[in-house]
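Structure file final_13.txt with compact mmCIF, C-alpha atoms:
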```txt
# COMPACT_ATOMS: atom_id res chain seq x y z
CA GLY A 1 -2.26 15.18 3.96
CA ALA A 2 -4.75 13.56 1.64
CA VAL A 3 -7.43 11.45 3.30
CA VAL A 4 -9.00 8.32 1.90
CA SER A 5 -11.88 6.55 3.59
CA GLN A 6 -13.33 3.09 3.16
CA HIS A 7 -16.67 1.70 4.15
CA PRO A 8 -17.37 -0.64 5.74
CA SER A 9 -14.29 -1.28 7.84
CA TRP A 10 -15.37 -4.82 8.62
CA VAL A 11 -17.99 -7.04 7.06
CA ILE A 12 -19.10 -10.59 7.66
CA CYS A 13 -21.30 -12.26 5.08
CA LYS A 14 -22.63 -15.66 4.14
CA SER A 15 -21.16 -17.62 1.27
CA GLY A 16 -22.87 -16.79 -2.00
CA THR A 17 -23.79 -13.23 -1.17
CA SER A 18 -22.29 -10.09 -2.69
CA VAL A 19 -20.47 -7.40 -0.78
CA LYS A 20 -19.82 -3.82 -1.85
CA ILE A 21 -16.88 -1.82 -0.50
CA GLU A 22 -16.67 1.93 -1.00
CA CYS A 23 -13.51 3.97 -1.34
CA ARG A 24 -13.64 7.76 -1.13
CA SER A 25 -11.03 10.46 -1.45
CA LEU A 26 -12.25 13.06 1.04
CA ASP A 27 -10.23 16.16 0.27
CA PHE A 28 -8.92 15.69 -3.25
CA GLN A 29 -10.06 14.39 -6.59
CA ALA A 30 -8.57 11.16 -7.85
CA THR A 31 -8.80 10.15 -11.46
CA THR A 32 -7.08 6.90 -10.57
CA MET A 33 -7.76 4.59 -7.67
CA PHE A 34 -6.31 1.18 -6.96
CA TRP A 35 -7.68 -1.87 -5.21
CA TYR A 36 -5.44 -4.25 -3.29
CA ARG A 37 -5.92 -7.32 -1.18
CA GLN A 38 -3.62 -8.37 1.59
CA PHE A 39 -3.31 -11.70 3.35
CA PRO A 40 -1.87 -11.94 6.87
CA LYS A 41 1.82 -11.15 7.10
CA GLN A 42 2.06 -10.55 3.38
CA SER A 43 2.52 -7.46 1.29
CA LEU A 44 -0.22 -5.81 -0.72
CA MET A 45 -1.31 -7.48 -3.93
CA LEU A 46 -2.67 -5.18 -6.62
CA MET A 47 -6.01 -6.37 -7.95
CA ALA A 48 -7.03 -3.63 -10.35
CA THR A 49 -6.61 -0.05 -11.43
CA SER A 50 -9.76 2.02 -11.47
CA ASN A 51 -10.02 5.06 -13.71
CA GLU A 52 -12.88 7.51 -13.48
CA GLY A 53 -15.28 7.13 -16.37
CA SER A 54 -13.69 4.05 -17.87
CA LYS A 55 -13.45 0.33 -17.29
CA ALA A 56 -11.07 -0.94 -14.66
CA THR A 57 -7.85 -2.66 -15.60
CA TYR A 58 -7.41 -5.96 -13.81
CA GLU A 59 -4.15 -7.64 -12.91
CA GLN A 60 -3.42 -11.07 -14.27
CA GLY A 61 -5.27 -13.77 -12.39
CA VAL A 62 -7.95 -11.47 -10.97
CA GLU A 63 -11.46 -12.38 -12.12
CA LYS A 64 -13.15 -9.27 -13.42
CA ASP A 65 -16.60 -10.85 -13.17
CA LYS A 66 -16.05 -11.69 -9.54
CA PHE A 67 -14.55 -8.41 -8.47
CA LEU A 68 -16.64 -5.66 -10.04
CA ILE A 69 -15.15 -2.21 -9.91
CA ASN A 70 -17.00 1.02 -10.60
CA HIS A 71 -15.32 4.43 -10.51
CA ALA A 72 -18.43 6.58 -10.56
CA SER A 73 -16.87 9.94 -9.78
CA LEU A 74 -13.54 11.60 -9.06
CA THR A 75 -13.96 10.84 -5.37
CA LEU A 76 -15.63 7.43 -5.30
CA SER A 77 -14.72 3.94 -6.42
CA THR A 78 -16.52 0.77 -5.39
CA LEU A 79 -15.44 -2.86 -5.31
CA THR A 80 -18.16 -5.50 -5.31
CA VAL A 81 -17.20 -9.05 -4.44
CA THR A 82 -19.86 -11.13 -6.13
CA SER A 83 -20.96 -14.54 -4.89
CA ALA A 84 -18.37 -14.41 -2.14
CA HIS A 85 -16.79 -17.61 -0.86
CA PRO A 86 -14.62 -18.26 2.18
CA GLU A 87 -11.45 -18.05 0.07
CA ASP A 88 -12.36 -14.43 -0.69
CA SER A 89 -11.91 -13.58 2.98
CA SER A 90 -9.12 -11.04 3.11
CA PHE A 91 -8.17 -7.46 3.87
CA TYR A 92 -9.13 -5.20 0.98
CA ILE A 93 -7.43 -1.83 0.71
CA CYS A 94 -7.96 0.97 -1.77
CA SER A 95 -5.69 3.84 -2.64
CA ALA A 96 -6.27 7.09 -4.46
CA CYS A 97 -3.72 8.83 -6.60
CA THR A 98 -3.02 12.55 -6.45
CA THR A 99 -1.79 14.66 -9.34
CA THR A 100 1.79 14.00 -8.20
CA ASP A 101 1.30 10.23 -8.52
CA THR A 102 1.38 9.84 -4.76
CA GLN A 103 -0.89 7.07 -3.54
CA TYR A 104 -2.77 7.53 -0.30
CA PHE A 105 -4.37 4.46 1.18
CA GLY A 106 -7.66 3.89 2.87
CA PRO A 107 -7.87 2.17 6.25
CA GLY A 108 -8.88 -1.13 4.70
CA THR A 109 -11.92 -3.40 4.85
CA ARG A 110 -11.76 -6.76 6.51
CA LEU A 111 -14.03 -9.25 4.74
CA THR A 112 -14.96 -12.51 6.37
CA VAL A 113 -17.07 -14.94 4.37
CA LEU A 114 -18.69 -17.70 6.38
CA GLN B 115 14.08 -12.42 -8.74
CA LYS B 116 11.61 -9.93 -7.36
CA GLU B 117 11.77 -6.39 -8.65
CA VAL B 118 12.03 -5.04 -5.11
CA GLU B 119 13.75 -6.93 -2.32
CA GLN B 120 13.15 -6.11 1.31
CA ASP B 121 14.18 -8.11 4.33
CA PRO B 122 10.91 -9.13 6.03
CA GLY B 123 12.52 -9.29 9.44
CA PRO B 124 11.23 -9.39 12.07
CA LEU B 125 13.48 -6.69 13.45
CA SER B 126 13.47 -5.97 17.17
CA VAL B 127 15.41 -3.11 18.75
CA PRO B 128 15.37 -1.27 22.09
CA GLU B 129 13.68 2.07 22.49
CA GLY B 130 15.91 4.97 21.50
CA ALA B 131 17.94 2.99 18.99
CA ILE B 132 18.54 4.09 15.43
CA VAL B 133 16.71 1.83 13.01
CA SER B 134 17.85 1.21 9.45
CA LEU B 135 15.44 -0.30 6.94
CA ASN B 136 16.56 -1.09 3.42
CA CYS B 137 15.34 -2.10 -0.01
CA THR B 138 17.11 -2.98 -3.21
CA TYR B 139 15.59 -2.93 -6.64
CA SER B 140 16.49 -4.21 -10.04
CA ASN B 141 14.60 -1.93 -12.43
CA SER B 142 16.63 1.19 -13.19
CA ALA B 143 13.47 2.82 -14.59
CA PHE B 144 12.05 3.31 -11.10
CA GLN B 145 12.00 7.02 -10.35
CA TYR B 146 9.77 7.65 -7.37
CA PHE B 147 10.48 6.04 -4.02
CA MET B 148 8.21 5.85 -1.03
CA TRP B 149 8.14 4.46 2.46
CA TYR B 150 4.86 3.46 4.02
CA ARG B 151 4.14 2.46 7.60
CA GLN B 152 1.38 -0.06 8.25
CA TYR B 153 -0.01 -0.85 11.65
CA SER B 154 -1.75 -4.16 12.15
CA ARG B 155 -5.16 -4.27 10.46
CA LYS B 156 -4.79 -0.75 9.07
CA GLY B 157 -4.05 0.71 5.66
CA PRO B 158 -0.51 1.86 4.82
CA GLU B 159 0.37 5.42 5.80
CA LEU B 160 2.74 7.42 3.62
CA LEU B 161 5.86 8.41 5.55
CA MET B 162 8.36 9.62 2.98
CA TYR B 163 8.35 10.34 -0.74
CA THR B 164 11.54 10.98 -2.68
CA TYR B 165 12.50 11.34 -6.28
CA SER B 166 16.18 11.95 -6.62
CA SER B 167 19.27 10.39 -5.11
CA GLY B 168 20.28 11.81 -1.76
CA ASN B 169 18.72 12.29 1.64
CA LYS B 170 15.38 13.67 2.71
CA GLU B 171 14.66 14.33 6.34
CA ASP B 172 11.34 14.68 8.15
CA GLY B 173 11.52 14.80 11.91
CA ARG B 174 12.96 11.54 13.17
CA PHE B 175 12.80 9.95 9.73
CA THR B 176 15.41 10.16 6.98
CA ALA B 177 14.94 8.60 3.56
CA GLN B 178 18.01 7.89 1.49
CA VAL B 179 18.12 6.99 -2.18
CA ASP B 180 21.15 5.77 -4.10
CA LYS B 181 20.07 5.25 -7.69
CA SER B 182 23.52 4.16 -8.83
CA SER B 183 23.38 1.21 -6.42
CA LYS B 184 19.60 0.75 -6.72
CA TYR B 185 19.33 0.95 -2.97
CA ILE B 186 17.03 2.91 -0.69
CA SER B 187 16.97 3.24 3.07
CA LEU B 188 14.79 4.61 5.82
CA PHE B 189 16.40 5.65 9.08
CA ILE B 190 14.43 6.17 12.26
CA ARG B 191 16.18 8.10 15.02
CA ASP B 192 15.23 7.94 18.69
CA SER B 193 12.88 5.05 17.98
CA GLN B 194 9.71 4.82 20.04
CA PRO B 195 7.42 1.87 20.85
CA SER B 196 4.78 3.62 18.72
CA ASP B 197 7.07 3.09 15.71
CA SER B 198 6.40 -0.65 15.97
CA ALA B 199 4.76 -1.52 12.66
CA THR B 200 5.45 -3.01 9.26
CA TYR B 201 7.42 -0.72 6.96
CA LEU B 202 6.93 -1.07 3.23
CA CYS B 203 9.14 0.41 0.57
CA ALA B 204 7.43 1.16 -2.73
CA MET B 205 8.47 2.48 -6.11
CA ILE B 206 6.82 3.70 -9.25
CA ASP B 207 7.72 2.62 -12.73
CA PRO B 208 6.93 5.58 -14.98
CA GLN B 209 5.88 3.13 -17.66
CA GLY B 210 3.70 1.19 -15.26
CA ALA B 211 0.60 3.44 -15.22
CA GLN B 212 1.24 4.83 -11.74
CA LYS B 213 1.36 1.36 -10.23
CA LEU B 214 3.34 0.89 -7.05
CA VAL B 215 5.78 -1.97 -6.75
CA PHE B 216 6.13 -2.96 -3.11
CA GLY B 217 8.79 -4.67 -1.11
CA GLN B 218 7.69 -7.49 1.16
CA GLY B 219 7.62 -5.22 4.19
CA THR B 220 9.77 -5.32 7.34
CA ARG B 221 8.11 -6.01 10.67
CA LEU B 222 9.68 -3.74 13.27
CA THR B 223 9.25 -3.93 17.03
CA ILE B 224 10.62 -1.27 19.37
CA ASN B 225 10.98 -2.63 22.88
CA PRO B 226 10.44 -0.25 25.81
```
In structure tokens, how does this file's structure come out?
Amino acid sequence: GAVVSQHPSWVICKSGTSVKIECRSLDFQATTMFWYRQFPKQSLMLMATSNEGSKATYEQGVEKDKFLINHASLTLSTLTVTSAHPEDSSFYICSACTTTDTQYFGPGTRLTVL
Amino acid sequence: QKEVEQDPGPLSVPEGAIVSLNCTYSNSAFQYFMWYRQYSRKGPELLMYTYSSGNKEDGRFTAQVDKSSKYISLFIRDSQPSDSATYLCAMIDPQGAQKLVFGQGTRLTINP
């Protein structure tokens, strides 16, 4: 099956700093990637849709200036949480879409902001 | 009313039992139906992907779709403790730019 990786898997940072999370599709090319966040015992919440070579599309209520998304190539998308605060602490998960519209998820990145 | 309804559980059954997980949906435009398994602190793993009404079997897992009733199910036969996880149903709206619409997820525990 298709493999998606994320890096880092866990990051702790101080309030006010920025954190970059990478999402890679390892064995297929993905023109579309998605970024989700998930709070404990809750389902995934879509943050934005990332399309290679174009600007990301953000869901309502998600601050585009706070969560910067760059889809630099067909195998890499990055999410940067700028000026992170404790309320940004969450589990961030990316997915990559194959040509059959099947989404494969990365293992997730746990962000803790102190 | 949520577009996709899924009983969050928790659901606890003994090892070897047949497990039935279900979702209902309200949008008749949904065409693609998926089941994901998510272990704690991990990303969701795709288990089953179906398009049409009917059954699809893969090992101990059977996915069932009834579009007329807007109802999908996942059956797990001979359940194992390693099946303990949260199971998420998901669907795609063809007009929704490939976005997945998730159910709330059902927490399942298989007791040895």
With a cut-off of 9 Å, could you pull out the residues of chain B touching chain A and give me the nearest pair of atoms for each, distance in Å to one decimal, using only C-alpha atoms, ordered by chain and ascending number, as a tab-separated table?
```
residue	atom	partner	partner_atom	distance
B:Tyr146	CA	A:Asp101	CA	8.9
B:Met148	CA	A:Thr102	CA	8.7
B:Arg155	CA	A:Gly108	CA	7.5
B:Lys156	CA	A:Pro107	CA	5.1
B:Gly157	CA	A:Pro107	CA	4.1
B:Pro158	CA	A:Phe105	CA	5.9
B:Glu159	CA	A:Phe105	CA	6.7
B:Leu160	CA	A:Tyr104	CA	6.8
B:Tyr163	CA	A:Thr102	CA	8.1
B:Leu202	CA	A:Ser43	CA	8.0
B:Ile206	CA	A:Asp101	CA	8.6
B:Ala211	CA	A:Thr49	CA	8.9
B:Gln212	CA	A:Asp101	CA	6.3
B:Lys213	CA	A:Thr49	CA	8.2
B:Leu214	CA	A:Gln103	CA	8.3
B:Phe216	CA	A:Ser43	CA	7.3
B:Gly217	CA	A:Ser43	CA	7.3
B:Gln218	CA	A:Ser43	CA	5.2
B:Gly219	CA	A:Ser43	CA	6.3
B:Arg221	CA	A:Lys41	CA	8.9
```
Excluding same-chain residues fewer than 4 positions from region 85-88 of chain A, what lies within 10 Å of it counting only C-alpha atoms, as an mmCIF file with C-alpha atoms, keeping the file's coordinate frame?
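Heads up, here's the output in result.cif:
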```cif
data_model
loop_
_atom_site.group_PDB
_atom_site.id
_atom_site.type_symbol
_atom_site.label_atom_id
_atom_site.label_comp_id
_atom_site.auth_asym_id
_atom_site.auth_seq_id
_atom_site.Cartn_x
_atom_site.Cartn_y
_atom_site.Cartn_z
ATOM 1 C CA CYS A 13 -21.300 -12.260 5.080
ATOM 2 C CA LYS A 14 -22.630 -15.660 4.140
ATOM 3 C CA SER A 15 -21.160 -17.620 1.270
ATOM 4 C CA GLY A 16 -22.870 -16.790 -2.000
ATOM 5 C CA THR A 17 -23.790 -13.230 -1.170
ATOM 6 C CA SER A 18 -22.290 -10.090 -2.690
ATOM 7 C CA ARG A 37 -5.920 -7.320 -1.180
ATOM 8 C CA LYS A 66 -16.050 -11.690 -9.540
ATOM 9 C CA VAL A 81 -17.200 -9.050 -4.440
ATOM 10 C CA TYR A 92 -9.130 -5.200 0.980
ATOM 11 C CA LEU A 111 -14.030 -9.250 4.740
ATOM 12 C CA THR A 112 -14.960 -12.510 6.370
ATOM 13 C CA VAL A 113 -17.070 -14.940 4.370
ATOM 14 C CA LEU A 114 -18.690 -17.700 6.380
#
```
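Here CA of Asp207 (chain B) stands at a distance of 13.6 Å from CA of Lys181 (chain B).
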Which of B:Gln120, B:Ser134, B:Gln115, B:Ser142 sits closest to Gln209 (chain B) [using all atoms listed in the file]
B:Ser142
The distance between CA of Met47 (chain A) and CA of Thr78 (chain A) is 13.0 Å
Residue contacts of Ala177 (chain B) (6 Å, only C-alpha atoms) excluding same-chain residues fewer than 6 positions away, as a PDB file with C-alpha atoms, in the frame of the given file:
```pdb
ATOM      1  CA  ASN B 169      18.720  12.290   1.640  1.00  0.00           C
ATOM      2  CA  LYS B 170      15.380  13.670   2.710  1.00  0.00           C
ATOM      3  CA  SER B 187      16.970   3.240   3.070  1.00  0.00           C
ATOM      4  CA  LEU B 188      14.790   4.610   5.820  1.00  0.00           C
TER       5      LEU B 188
END
```
